[in-house]
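The file coords-v7.pdb comes next; it holds PDB, C-alpha atoms, pLDDT in the B column.
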```pdb
ATOM      1  CA  MET B   1      12.707  16.308 -28.532  1.00 42.00           C
ATOM      2  CA  GLU B   2      10.881  15.412 -31.720  1.00 45.00           C
ATOM      3  CA  THR B   3       7.141  16.150 -31.637  1.00 50.00           C
ATOM      4  CA  GLY B   4       4.925  13.127 -31.161  1.00 55.00           C
ATOM      5  CA  ILE B   5       7.643  10.724 -30.125  1.00 50.00           C
ATOM      6  CA  ILE B   6       8.426   9.722 -26.575  1.00 54.00           C
ATOM      7  CA  PRO B   7      12.185   9.150 -26.522  1.00 50.00           C
ATOM      8  CA  THR B   8      13.319   5.527 -26.348  1.00 46.00           C
ATOM      9  CA  GLY B   9      14.460   4.566 -22.878  1.00 50.00           C
ATOM     10  CA  SER B  10      12.686   7.491 -21.231  1.00 59.00           C
ATOM     11  CA  GLY B  11      11.822   6.953 -17.614  1.00 74.00           C
ATOM     12  CA  LEU B  12       8.521   8.196 -16.248  1.00 81.00           C
ATOM     13  CA  SER B  13      10.186  11.215 -14.648  1.00 85.00           C
ATOM     14  CA  ASP B  14      11.658  12.184 -18.052  1.00 87.00           C
ATOM     15  CA  ILE B  15       8.217  11.933 -19.648  1.00 88.00           C
ATOM     16  CA  GLN B  16       6.687  14.010 -16.864  1.00 93.00           C
ATOM     17  CA  ASP B  17       9.419  16.643 -17.339  1.00 94.00           C
ATOM     18  CA  ASP B  18       8.893  16.693 -21.127  1.00 93.00           C
ATOM     19  CA  ILE B  19       5.146  17.144 -20.717  1.00 95.00           C
ATOM     20  CA  TYR B  20       5.638  19.912 -18.166  1.00 97.00           C
ATOM     21  CA  GLU B  21       8.030  21.679 -20.559  1.00 95.00           C
ATOM     22  CA  LEU B  22       5.271  21.665 -23.191  1.00 95.00           C
ATOM     23  CA  ILE B  23       2.474  23.024 -21.015  1.00 97.00           C
ATOM     24  CA  ARG B  24       4.362  25.546 -18.890  1.00 96.00           C
ATOM     25  CA  SER B  25       4.646  28.056 -21.745  1.00 95.00           C
ATOM     26  CA  ILE B  26       0.934  28.071 -22.659  1.00 97.00           C
ATOM     27  CA  LYS B  27      -0.363  31.642 -22.398  1.00 96.00           C
ATOM     28  CA  ASP B  28      -3.033  32.417 -19.832  1.00 96.00           C
ATOM     29  CA  PRO B  29      -6.204  33.543 -21.679  1.00 95.00           C
ATOM     30  CA  GLU B  30      -6.613  36.651 -19.489  1.00 93.00           C
ATOM     31  CA  HIS B  31      -3.047  37.683 -18.729  1.00 92.00           C
ATOM     32  CA  PRO B  32       0.010  38.255 -20.938  1.00 92.00           C
ATOM     33  CA  GLN B  33       1.920  35.603 -18.985  1.00 95.00           C
ATOM     34  CA  SER B  34       2.461  31.874 -19.178  1.00 96.00           C
ATOM     35  CA  LEU B  35       0.638  29.333 -17.048  1.00 97.00           C
ATOM     36  CA  GLU B  36       3.927  28.688 -15.242  1.00 97.00           C
ATOM     37  CA  ASP B  37       4.470  32.400 -14.517  1.00 96.00           C
ATOM     38  CA  LEU B  38       1.032  32.558 -12.886  1.00 97.00           C
ATOM     39  CA  LYS B  39       1.582  29.265 -11.028  1.00 97.00           C
ATOM     40  CA  VAL B  40      -1.395  27.682 -12.789  1.00 97.00           C
ATOM     41  CA  VAL B  41       0.927  24.787 -13.628  1.00 97.00           C
ATOM     42  CA  TYR B  42       4.014  23.955 -11.605  1.00 95.00           C
ATOM     43  CA  GLU B  43       6.681  21.297 -11.361  1.00 91.00           C
ATOM     44  CA  GLY B  44       5.016  18.234  -9.917  1.00 93.00           C
ATOM     45  CA  CYS B  45       1.597  18.868 -11.502  1.00 96.00           C
ATOM     46  CA  VAL B  46       2.194  16.109 -14.081  1.00 96.00           C
ATOM     47  CA  HIS B  47       2.094  12.428 -13.155  1.00 94.00           C
ATOM     48  CA  ALA B  48       2.647   9.607 -15.653  1.00 91.00           C
ATOM     49  CA  SER B  49       2.372   5.844 -15.553  1.00 88.00           C
ATOM     50  CA  LEU B  50       2.464   3.114 -18.173  1.00 83.00           C
ATOM     51  CA  TYR B  51      -0.949   2.477 -19.650  1.00 77.00           C
ATOM     52  CA  PRO B  52      -2.107  -1.019 -18.593  1.00 73.00           C
ATOM     53  CA  ASP B  53      -2.122  -2.456 -22.118  1.00 60.00           C
ATOM     54  CA  THR B  54       1.608  -1.666 -22.489  1.00 57.00           C
ATOM     55  CA  LEU B  55       2.842  -3.234 -19.275  1.00 61.00           C
ATOM     56  CA  PRO B  56       4.525  -6.317 -20.775  1.00 58.00           C
ATOM     57  CA  THR B  57       8.247  -5.708 -20.828  1.00 61.00           C
ATOM     58  CA  ASP B  58       8.668  -7.095 -24.338  1.00 65.00           C
ATOM     59  CA  ILE B  59       6.854  -4.127 -25.906  1.00 68.00           C
ATOM     60  CA  PRO B  60       9.333  -1.677 -27.487  1.00 67.00           C
ATOM     61  CA  ASP B  61       9.487   1.767 -25.855  1.00 65.00           C
ATOM     62  CA  SER B  62       8.291   3.374 -29.089  1.00 66.00           C
ATOM     63  CA  GLU B  63       4.992   1.455 -28.818  1.00 71.00           C
ATOM     64  CA  LYS B  64       4.309   2.097 -25.138  1.00 75.00           C
ATOM     65  CA  ARG B  65       1.447   4.363 -24.156  1.00 81.00           C
ATOM     66  CA  TYR B  66       1.215   6.410 -21.005  1.00 87.00           C
ATOM     67  CA  CYS B  67      -1.550   7.477 -18.685  1.00 91.00           C
ATOM     68  CA  VAL B  68      -0.902  11.125 -17.817  1.00 95.00           C
ATOM     69  CA  HIS B  69      -2.608  13.151 -15.099  1.00 96.00           C
ATOM     70  CA  VAL B  70      -2.247  16.931 -15.214  1.00 98.00           C
ATOM     71  CA  GLU B  71      -3.571  18.983 -12.333  1.00 97.00           C
ATOM     72  CA  PHE B  72      -3.775  22.764 -12.593  1.00 98.00           C
ATOM     73  CA  THR B  73      -4.702  25.629 -10.294  1.00 97.00           C
ATOM     74  CA  PRO B  74      -6.772  28.518 -11.693  1.00 96.00           C
ATOM     75  CA  THR B  75      -5.651  31.997 -10.653  1.00 93.00           C
ATOM     76  CA  VAL B  76      -8.863  32.618  -8.673  1.00 94.00           C
ATOM     77  CA  PRO B  77     -11.609  30.292  -7.309  1.00 95.00           C
ATOM     78  CA  HIS B  78     -14.219  31.774  -9.658  1.00 94.00           C
ATOM     79  CA  CYS B  79     -12.003  31.865 -12.786  1.00 94.00           C
ATOM     80  CA  SER B  80     -14.361  31.991 -15.753  1.00 94.00           C
ATOM     81  CA  LEU B  81     -11.692  30.694 -18.125  1.00 96.00           C
ATOM     82  CA  ALA B  82     -10.642  27.572 -16.205  1.00 97.00           C
ATOM     83  CA  THR B  83     -12.275  25.368 -18.839  1.00 97.00           C
ATOM     84  CA  LEU B  84     -10.348  27.135 -21.599  1.00 97.00           C
ATOM     85  CA  ILE B  85      -7.073  26.674 -19.696  1.00 97.00           C
ATOM     86  CA  GLY B  86      -7.719  22.941 -19.328  1.00 97.00           C
ATOM     87  CA  LEU B  87      -8.716  22.697 -22.984  1.00 97.00           C
ATOM     88  CA  CYS B  88      -5.445  24.378 -24.000  1.00 97.00           C
ATOM     89  CA  ILE B  89      -3.462  21.861 -21.934  1.00 98.00           C
ATOM     90  CA  ARG B  90      -5.345  18.941 -23.495  1.00 97.00           C
ATOM     91  CA  VAL B  91      -4.983  20.207 -27.078  1.00 97.00           C
ATOM     92  CA  LYS B  92      -1.263  20.960 -26.674  1.00 96.00           C
ATOM     93  CA  LEU B  93      -0.578  17.433 -25.417  1.00 96.00           C
ATOM     94  CA  GLU B  94      -2.790  15.742 -28.008  1.00 94.00           C
ATOM     95  CA  GLN B  95      -1.035  17.670 -30.791  1.00 94.00           C
ATOM     96  CA  ASN B  96       2.426  16.730 -29.540  1.00 93.00           C
ATOM     97  CA  TYR B  97       1.744  13.105 -28.550  1.00 90.00           C
ATOM     98  CA  PRO B  98      -1.023  11.861 -30.859  1.00 88.00           C
ATOM     99  CA  GLY B  99      -2.281   8.478 -29.711  1.00 85.00           C
ATOM    100  CA  GLN B 100       0.471   8.007 -27.131  1.00 87.00           C
ATOM    101  CA  LEU B 101      -1.228   9.428 -24.041  1.00 91.00           C
ATOM    102  CA  LYS B 102      -4.403   8.716 -22.114  1.00 92.00           C
ATOM    103  CA  LEU B 103      -4.997  12.145 -20.587  1.00 95.00           C
ATOM    104  CA  HIS B 104      -6.726  13.118 -17.375  1.00 96.00           C
ATOM    105  CA  ILE B 105      -6.857  16.895 -16.978  1.00 97.00           C
ATOM    106  CA  ARG B 106      -8.279  18.236 -13.738  1.00 97.00           C
ATOM    107  CA  ILE B 107      -8.431  21.259 -11.506  1.00 97.00           C
ATOM    108  CA  LYS B 108      -6.705  20.879  -8.159  1.00 97.00           C
ATOM    109  CA  ASP B 109      -9.253  20.172  -5.426  1.00 95.00           C
ATOM    110  CA  GLY B 110     -10.320  23.222  -3.453  1.00 95.00           C
ATOM    111  CA  THR B 111      -8.967  25.788  -5.928  1.00 96.00           C
ATOM    112  CA  HIS B 112     -12.123  26.509  -7.944  1.00 96.00           C
ATOM    113  CA  ASP B 113     -15.824  26.791  -7.219  1.00 95.00           C
ATOM    114  CA  SER B 114     -16.663  24.219  -9.929  1.00 96.00           C
ATOM    115  CA  VAL B 115     -13.809  21.710  -9.674  1.00 96.00           C
ATOM    116  CA  LYS B 116     -15.840  18.569 -10.348  1.00 96.00           C
ATOM    117  CA  GLU B 117     -17.964  19.992 -13.160  1.00 96.00           C
ATOM    118  CA  ILE B 118     -15.081  21.512 -15.102  1.00 96.00           C
ATOM    119  CA  SER B 119     -12.790  18.514 -14.595  1.00 96.00           C
ATOM    120  CA  LYS B 120     -15.575  16.272 -15.916  1.00 96.00           C
ATOM    121  CA  GLN B 121     -16.009  18.480 -19.020  1.00 96.00           C
ATOM    122  CA  LEU B 122     -12.276  18.464 -19.733  1.00 97.00           C
ATOM    123  CA  ASN B 123     -12.219  14.663 -19.864  1.00 96.00           C
ATOM    124  CA  ASP B 124     -15.370  14.223 -21.956  1.00 96.00           C
ATOM    125  CA  LYS B 125     -14.177  13.540 -25.528  1.00 94.00           C
ATOM    126  CA  GLU B 126     -17.473  14.645 -27.097  1.00 96.00           C
ATOM    127  CA  ARG B 127     -17.513  17.973 -25.239  1.00 96.00           C
ATOM    128  CA  VAL B 128     -13.878  18.617 -26.092  1.00 96.00           C
ATOM    129  CA  ALA B 129     -14.517  17.841 -29.771  1.00 96.00           C
ATOM    130  CA  ALA B 130     -17.593  20.093 -29.816  1.00 96.00           C
ATOM    131  CA  ALA B 131     -15.653  22.935 -28.196  1.00 96.00           C
ATOM    132  CA  MET B 132     -12.894  22.667 -30.786  1.00 96.00           C
ATOM    133  CA  GLU B 133     -15.459  22.809 -33.624  1.00 97.00           C
ATOM    134  CA  ASN B 134     -16.436  26.294 -32.430  1.00 97.00           C
ATOM    135  CA  PRO B 135     -14.340  28.723 -34.521  1.00 97.00           C
ATOM    136  CA  ARG B 136     -14.055  31.314 -31.732  1.00 97.00           C
ATOM    137  CA  MET B 137     -12.994  28.696 -29.161  1.00 96.00           C
ATOM    138  CA  LYS B 138     -10.437  27.240 -31.570  1.00 96.00           C
ATOM    139  CA  GLU B 139      -9.066  30.735 -32.194  1.00 96.00           C
ATOM    140  CA  MET B 140      -8.684  31.361 -28.435  1.00 96.00           C
ATOM    141  CA  VAL B 141      -6.936  28.005 -27.931  1.00 97.00           C
ATOM    142  CA  ASP B 142      -4.615  28.648 -30.884  1.00 96.00           C
ATOM    143  CA  GLU B 143      -3.737  32.071 -29.486  1.00 95.00           C
ATOM    144  CA  CYS B 144      -2.826  30.609 -26.093  1.00 96.00           C
ATOM    145  CA  LEU B 145      -0.747  27.841 -27.684  1.00 96.00           C
ATOM    146  CA  SER B 146       1.169  30.145 -30.022  1.00 92.00           C
ATOM    147  CA  TYR B 147       2.535  32.220 -27.123  1.00 75.00           C
ATOM    148  CA  SER B 148       6.263  32.113 -26.595  1.00 62.00           C
ATOM    149  CA  CYS B 149       7.838  33.316 -23.403  1.00 57.00           C
TER     150      CYS B 149
END
```

Could you take the file, read its structure, and then write that structure out as structure tokens?
Amino acid sequence: METGIIPTGSGLSDIQDDIYELIRSIKDPEHPQSLEDLKVVYEGCVHASLYPDTLPTDIPDSEKRYCVHVEFTPTVPHCSLATLIGLCIRVKLEQNYPGQLKLHIRIKDGTHDSVKEISKQLNDKERVAAAMENPRMKEMVDECLSYSC
């Protein structure tokens, strides 16, 4: 699949599968394994729907936008790097689908001590932008995204 383009005629399940394929190989910041290997992300953790402004059927597939929800499970309830994991997921998807996705990244309920706080941070555009302006944070994200399993 070509980066940044949702294939014409793709159904929502195809889009969900494509997004999962992108995020499953992100490296965990603490372990030399992928998020999929550690069961941080798993099949079924991605849900997509057409974004409301693209619901008319006369809009070409190439111009449709999607609302995507990604739920992840940190390895432990007190994981200090849960925010970094969510940031990596967000950056990977924004790099590969610029302007095509409305993202909602969240921690699965009951799997972390700070589910609401971290999920809120991950969906705050200003906080995400500020985090990515930090050279050390950007370096850590880039390292996680450059991993190949």

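Evaluated against the shown file, the PyMOL selection byres ((chain B and resi 140) around 12) gives B:Ile26, B:Lys27, B:Asp28, B:Pro29, B:Glu30, B:Leu81, B:Thr83, B:Leu84, B:Ile85, B:Leu87, B:Cys88, B:Val91, B:Ala131, B:Met132, B:Asn134, B:Pro135, B:Arg136, B:Met137, B:Lys138, B:Glu139, B:Val141, B:Asp142, B:Glu143, B:Cys144, B:Leu145, B:Ser146, B:Tyr147.
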
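Between Leu93 in chain B and the candidates B:Gly44, B:Leu12, B:Glu21, B:Asp109, the tightest atom-to-atom separation, counting all atoms listed in the file, involves B:Glu21.
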
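Taking CA of Ile23 in chain B and CA of Pro52 in chain B as endpoints, the distance between them is 24.6 Å.
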
Quick check on the file I pasted: which residues fall under the PyMOL selection byres ((chain B and resi 107) around 10)? Write them as a short mmCIF file (atom, residue, chain, number, x, y, z; two decimals) with C-alpha atoms, in the frame of the given file.
```
data_model
loop_
_atom_site.label_atom_id
_atom_site.label_comp_id
_atom_site.auth_asym_id
_atom_site.auth_seq_id
_atom_site.Cartn_x
_atom_site.Cartn_y
_atom_site.Cartn_z
CA VAL B 40 -1.40 27.68 -12.79
CA VAL B 70 -2.25 16.93 -15.21
CA GLU B 71 -3.57 18.98 -12.33
CA PHE B 72 -3.78 22.76 -12.59
CA THR B 73 -4.70 25.63 -10.29
CA PRO B 74 -6.77 28.52 -11.69
CA ALA B 82 -10.64 27.57 -16.20
CA THR B 83 -12.28 25.37 -18.84
CA ILE B 85 -7.07 26.67 -19.70
CA GLY B 86 -7.72 22.94 -19.33
CA ILE B 105 -6.86 16.90 -16.98
CA ARG B 106 -8.28 18.24 -13.74
CA LYS B 108 -6.70 20.88 -8.16
CA ASP B 109 -9.25 20.17 -5.43
CA GLY B 110 -10.32 23.22 -3.45
CA THR B 111 -8.97 25.79 -5.93
CA HIS B 112 -12.12 26.51 -7.94
CA SER B 114 -16.66 24.22 -9.93
CA VAL B 115 -13.81 21.71 -9.67
CA LYS B 116 -15.84 18.57 -10.35
CA GLU B 117 -17.96 19.99 -13.16
CA ILE B 118 -15.08 21.51 -15.10
CA SER B 119 -12.79 18.51 -14.60
CA LYS B 120 -15.58 16.27 -15.92
CA LEU B 122 -12.28 18.46 -19.73
#
```

Residues matched by the PyMOL selection byres ((chain B and resi 95) around 12), written as a ChimeraX atom specification
/B:3-5,19,22-23,88-94,96-101,142,145

Take the residues from that selection and put them in a file with C-alpha atoms, as an mmCIF file, keeping the file's coordinate frame.
```cif
data_model
loop_
_atom_site.group_PDB
_atom_site.id
_atom_site.type_symbol
_atom_site.label_atom_id
_atom_site.label_comp_id
_atom_site.auth_asym_id
_atom_site.auth_seq_id
_atom_site.Cartn_x
_atom_site.Cartn_y
_atom_site.Cartn_z
ATOM 1 C CA THR B 3 7.141 16.150 -31.637
ATOM 2 C CA GLY B 4 4.925 13.127 -31.161
ATOM 3 C CA ILE B 5 7.643 10.724 -30.125
ATOM 4 C CA ILE B 19 5.146 17.144 -20.717
ATOM 5 C CA LEU B 22 5.271 21.665 -23.191
ATOM 6 C CA ILE B 23 2.474 23.024 -21.015
ATOM 7 C CA CYS B 88 -5.445 24.378 -24.000
ATOM 8 C CA ILE B 89 -3.462 21.861 -21.934
ATOM 9 C CA ARG B 90 -5.345 18.941 -23.495
ATOM 10 C CA VAL B 91 -4.983 20.207 -27.078
ATOM 11 C CA LYS B 92 -1.263 20.960 -26.674
ATOM 12 C CA LEU B 93 -0.578 17.433 -25.417
ATOM 13 C CA GLU B 94 -2.790 15.742 -28.008
ATOM 14 C CA ASN B 96 2.426 16.730 -29.540
ATOM 15 C CA TYR B 97 1.744 13.105 -28.550
ATOM 16 C CA PRO B 98 -1.023 11.861 -30.859
ATOM 17 C CA GLY B 99 -2.281 8.478 -29.711
ATOM 18 C CA GLN B 100 0.471 8.007 -27.131
ATOM 19 C CA LEU B 101 -1.228 9.428 -24.041
ATOM 20 C CA ASP B 142 -4.615 28.648 -30.884
ATOM 21 C CA LEU B 145 -0.747 27.841 -27.684
#
```

What is the distance, in Å and to one decimal place, between CA of His104 in chain B and CA of Gln16 in chain B?
13.5 Å

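With CA of Tyr42 in chain B on one side and CA of Tyr20 in chain B on the other, the separation reads 7.9 Å.
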
Do a neighbour search on Ala48 in chain B at 8 Å with only C-alpha atoms, toss out local chain neighbours closer than 5 positions, and write the hits as an NGL selection string.
:B and (12-13 or 15-16 or 66-69)

Report, as AutoDock Vina command-line options, the centre and edge lengths in Å (one decimal) of the axis-aligned box enclosing every listed atom of range 118-123 of chain B, padded by 4 Å on each side.
```
--center_x -14.1 --center_y 18.1 --center_z -17.2 --size_x 11.8 --size_y 14.8 --size_z 13.3
```

Smallest atom-to-atom distance to Glu36 in chain B: which of B:Asp17, B:Thr75, B:Gln121, B:Arg24, using all atoms listed in the file?
B:Arg24

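Residue nearest Asp14 in chain B, chosen from B:Lys125, B:Lys64, B:His47, B:Asp113 and counting all atoms listed in the file: B:His47.
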
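Distances here use all atoms listed in the file; by that measure, the residue among B:Arg65, B:His31, B:Glu133, B:Asp18 closest to Glu43 in chain B is B:Asp18.
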
Rebuild all heavy atoms on range 107-118 of chain B, as an mmCIF file, keeping the file's coordinate frame?
```cif
data_model
loop_
_atom_site.group_PDB
_atom_site.id
_atom_site.type_symbol
_atom_site.label_atom_id
_atom_site.label_comp_id
_atom_site.auth_asym_id
_atom_site.auth_seq_id
_atom_site.Cartn_x
_atom_site.Cartn_y
_atom_site.Cartn_z
ATOM 1 N N ILE B 107 -8.734 20.118 -12.369
ATOM 2 C CA ILE B 107 -8.431 21.259 -11.506
ATOM 3 C C ILE B 107 -8.107 20.718 -10.120
ATOM 4 O O ILE B 107 -8.771 19.791 -9.633
ATOM 5 C CB ILE B 107 -9.631 22.224 -11.443
ATOM 6 C CG1 ILE B 107 -9.891 22.819 -12.830
ATOM 7 C CG2 ILE B 107 -9.385 23.318 -10.421
ATOM 8 C CD1 ILE B 107 -11.124 23.688 -12.905
ATOM 9 N N LYS B 108 -7.097 21.298 -9.501
ATOM 10 C CA LYS B 108 -6.705 20.879 -8.159
ATOM 11 C C LYS B 108 -7.870 21.108 -7.190
ATOM 12 O O LYS B 108 -8.502 22.169 -7.195
ATOM 13 C CB LYS B 108 -5.477 21.676 -7.700
ATOM 14 C CG LYS B 108 -4.934 21.222 -6.383
ATOM 15 C CD LYS B 108 -3.646 21.942 -6.048
ATOM 16 C CE LYS B 108 -3.112 21.410 -4.729
ATOM 17 N NZ LYS B 108 -1.818 22.006 -4.416
ATOM 18 N N ASP B 109 -8.157 20.082 -6.387
ATOM 19 C CA ASP B 109 -9.253 20.172 -5.426
ATOM 20 C C ASP B 109 -9.126 21.414 -4.545
ATOM 21 O O ASP B 109 -8.029 21.752 -4.087
ATOM 22 C CB ASP B 109 -9.286 18.928 -4.527
ATOM 23 C CG ASP B 109 -9.820 17.704 -5.249
ATOM 24 O OD1 ASP B 109 -10.552 17.871 -6.252
ATOM 25 O OD2 ASP B 109 -9.512 16.574 -4.820
ATOM 26 N N GLY B 110 -10.262 22.072 -4.343
ATOM 27 C CA GLY B 110 -10.320 23.222 -3.453
ATOM 28 C C GLY B 110 -9.843 24.538 -4.041
ATOM 29 O O GLY B 110 -9.804 25.547 -3.344
ATOM 30 N N THR B 111 -9.498 24.551 -5.343
ATOM 31 C CA THR B 111 -8.967 25.788 -5.928
ATOM 32 C C THR B 111 -9.947 26.490 -6.868
ATOM 33 O O THR B 111 -9.626 27.544 -7.412
ATOM 34 C CB THR B 111 -7.651 25.525 -6.692
ATOM 35 O OG1 THR B 111 -7.920 24.653 -7.790
ATOM 36 C CG2 THR B 111 -6.594 24.924 -5.777
ATOM 37 N N HIS B 112 -11.121 25.896 -7.072
ATOM 38 C CA HIS B 112 -12.123 26.509 -7.944
ATOM 39 C C HIS B 112 -13.505 26.138 -7.444
ATOM 40 O O HIS B 112 -13.694 25.055 -6.871
ATOM 41 C CB HIS B 112 -11.938 26.032 -9.393
ATOM 42 C CG HIS B 112 -12.691 26.854 -10.384
ATOM 43 N ND1 HIS B 112 -14.022 26.638 -10.667
ATOM 44 C CD2 HIS B 112 -12.306 27.896 -11.151
ATOM 45 C CE1 HIS B 112 -14.418 27.510 -11.576
ATOM 46 N NE2 HIS B 112 -13.386 28.290 -11.882
ATOM 47 N N ASP B 113 -14.452 27.022 -7.675
ATOM 48 C CA ASP B 113 -15.824 26.791 -7.219
ATOM 49 C C ASP B 113 -16.514 25.639 -7.938
ATOM 50 O O ASP B 113 -17.472 25.074 -7.429
ATOM 51 C CB ASP B 113 -16.661 28.070 -7.411
ATOM 52 C CG ASP B 113 -16.136 29.233 -6.583
ATOM 53 O OD1 ASP B 113 -15.453 28.989 -5.561
ATOM 54 O OD2 ASP B 113 -16.398 30.395 -6.954
ATOM 55 N N SER B 114 -16.031 25.274 -9.127
ATOM 56 C CA SER B 114 -16.663 24.219 -9.929
ATOM 57 C C SER B 114 -15.671 23.130 -10.324
ATOM 58 O O SER B 114 -15.658 22.668 -11.473
ATOM 59 C CB SER B 114 -17.276 24.834 -11.192
ATOM 60 O OG SER B 114 -18.202 25.835 -10.872
ATOM 61 N N VAL B 115 -14.853 22.690 -9.386
ATOM 62 C CA VAL B 115 -13.809 21.710 -9.674
ATOM 63 C C VAL B 115 -14.350 20.475 -10.378
ATOM 64 O O VAL B 115 -13.860 20.092 -11.447
ATOM 65 C CB VAL B 115 -13.068 21.285 -8.374
ATOM 66 C CG1 VAL B 115 -12.182 20.086 -8.620
ATOM 67 C CG2 VAL B 115 -12.250 22.431 -7.827
ATOM 68 N N LYS B 116 -15.342 19.837 -9.800
ATOM 69 C CA LYS B 116 -15.840 18.569 -10.348
ATOM 70 C C LYS B 116 -16.464 18.748 -11.724
ATOM 71 O O LYS B 116 -16.211 17.948 -12.632
ATOM 72 C CB LYS B 116 -16.853 17.934 -9.391
ATOM 73 C CG LYS B 116 -16.216 17.389 -8.142
ATOM 74 C CD LYS B 116 -17.236 16.744 -7.229
ATOM 75 C CE LYS B 116 -16.549 16.259 -5.970
ATOM 76 N NZ LYS B 116 -17.483 15.726 -5.000
ATOM 77 N N GLU B 117 -17.275 19.781 -11.892
ATOM 78 C CA GLU B 117 -17.964 19.992 -13.160
ATOM 79 C C GLU B 117 -16.982 20.265 -14.296
ATOM 80 O O GLU B 117 -17.086 19.682 -15.377
ATOM 81 C CB GLU B 117 -18.959 21.155 -13.048
ATOM 82 C CG GLU B 117 -20.106 20.903 -12.092
ATOM 83 C CD GLU B 117 -19.784 21.224 -10.627
ATOM 84 O OE1 GLU B 117 -18.616 21.567 -10.305
ATOM 85 O OE2 GLU B 117 -20.698 21.106 -9.798
ATOM 86 N N ILE B 118 -16.032 21.158 -14.043
ATOM 87 C CA ILE B 118 -15.081 21.512 -15.102
ATOM 88 C C ILE B 118 -14.151 20.338 -15.403
ATOM 89 O O ILE B 118 -13.878 20.040 -16.572
ATOM 90 C CB ILE B 118 -14.296 22.788 -14.738
ATOM 91 C CG1 ILE B 118 -15.259 23.981 -14.697
ATOM 92 C CG2 ILE B 118 -13.162 23.030 -15.727
ATOM 93 C CD1 ILE B 118 -14.641 25.270 -14.198
#
```
